[in-house]
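Below is one structure, written out as structure tokens; the observations come after it.
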Amino acid sequence: MGVSAFRGFCLLFGLAYDWLAERQRTVAVVLLSVVAVAMSVRTVIRNRDWKGNFSLVMAAERAYPQSVRVQHAVGLEYLKIGDIARAEQHFEAAERIDRDYPHLQLSMATLAVQAAT
């Protein structure tokens with residue numbers, strides 16, 4: 001979801017809340033509370049993934065394995081720890097998803113230099 005789509009969703013939700021609050025204030029407050037609690041629970045669950053960059057990208061890969069950005073980010077984390085083989089696997093996976101992802105080519109060049117030394 002892009003930023004403008006997210007803003008549109010928030011605006012739509014705000015307008016719907018305002019419309020409902022004018023007619024059924026109690027229902028509107030209860031609905032808003034349910035949404036706030038649900039989003040808070042989701043935030044707490046996601047925060048468990050964020051023990052560090054490596055754990056965060058691995059959780060993102062489990063959730064979005066077909067994302068070029070995620071595959072690239074996982075490859076970068078493996079490159080940071082010196083696991084050339086796994087970094088290469090993830091860069092190749094990212095390349096299969098989108099050959100034209102601009103950051104990927106630089107990362108693959110960095111990988112080639114590290115593998116050669």
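By order of appearance in the structure tokens: chains A, B, ..., then residues from 1 within every chain, and ligands from 1 in the order shown.
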
Inset, instruction - Assign secondary structure with DSSP using the backbone only, and return the residues of chain A in helix (DSSP H, G or I) as a ChimeraX atom specification. - result: /A:3-23,25-49,53-63,68-80,84-97,102-116

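For the set A:Ile84, A:Ala59, A:Val74, A:Ala28, the residue with the smallest atom-to-atom gap to Leu104 (chain A) is A:Val74, counting only C-alpha atoms.
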
Inset, instruction - Using only C-alpha atoms, find the one residue out of A:Ala21, A:Met108, A:Cys10, A:Val70 that sits nearest to Val57 (chain A). - result: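 When distances to Val57 (chain A) are compared using only C-alpha atoms, the smallest one comes from A:Val70.
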
Legend entry - Among the residues A:Gln114, A:Ala73, A:Pro102, A:Glu88, the one that comes closest to Ser55 (chain A) [using only C-alpha atoms]: A:Ala73
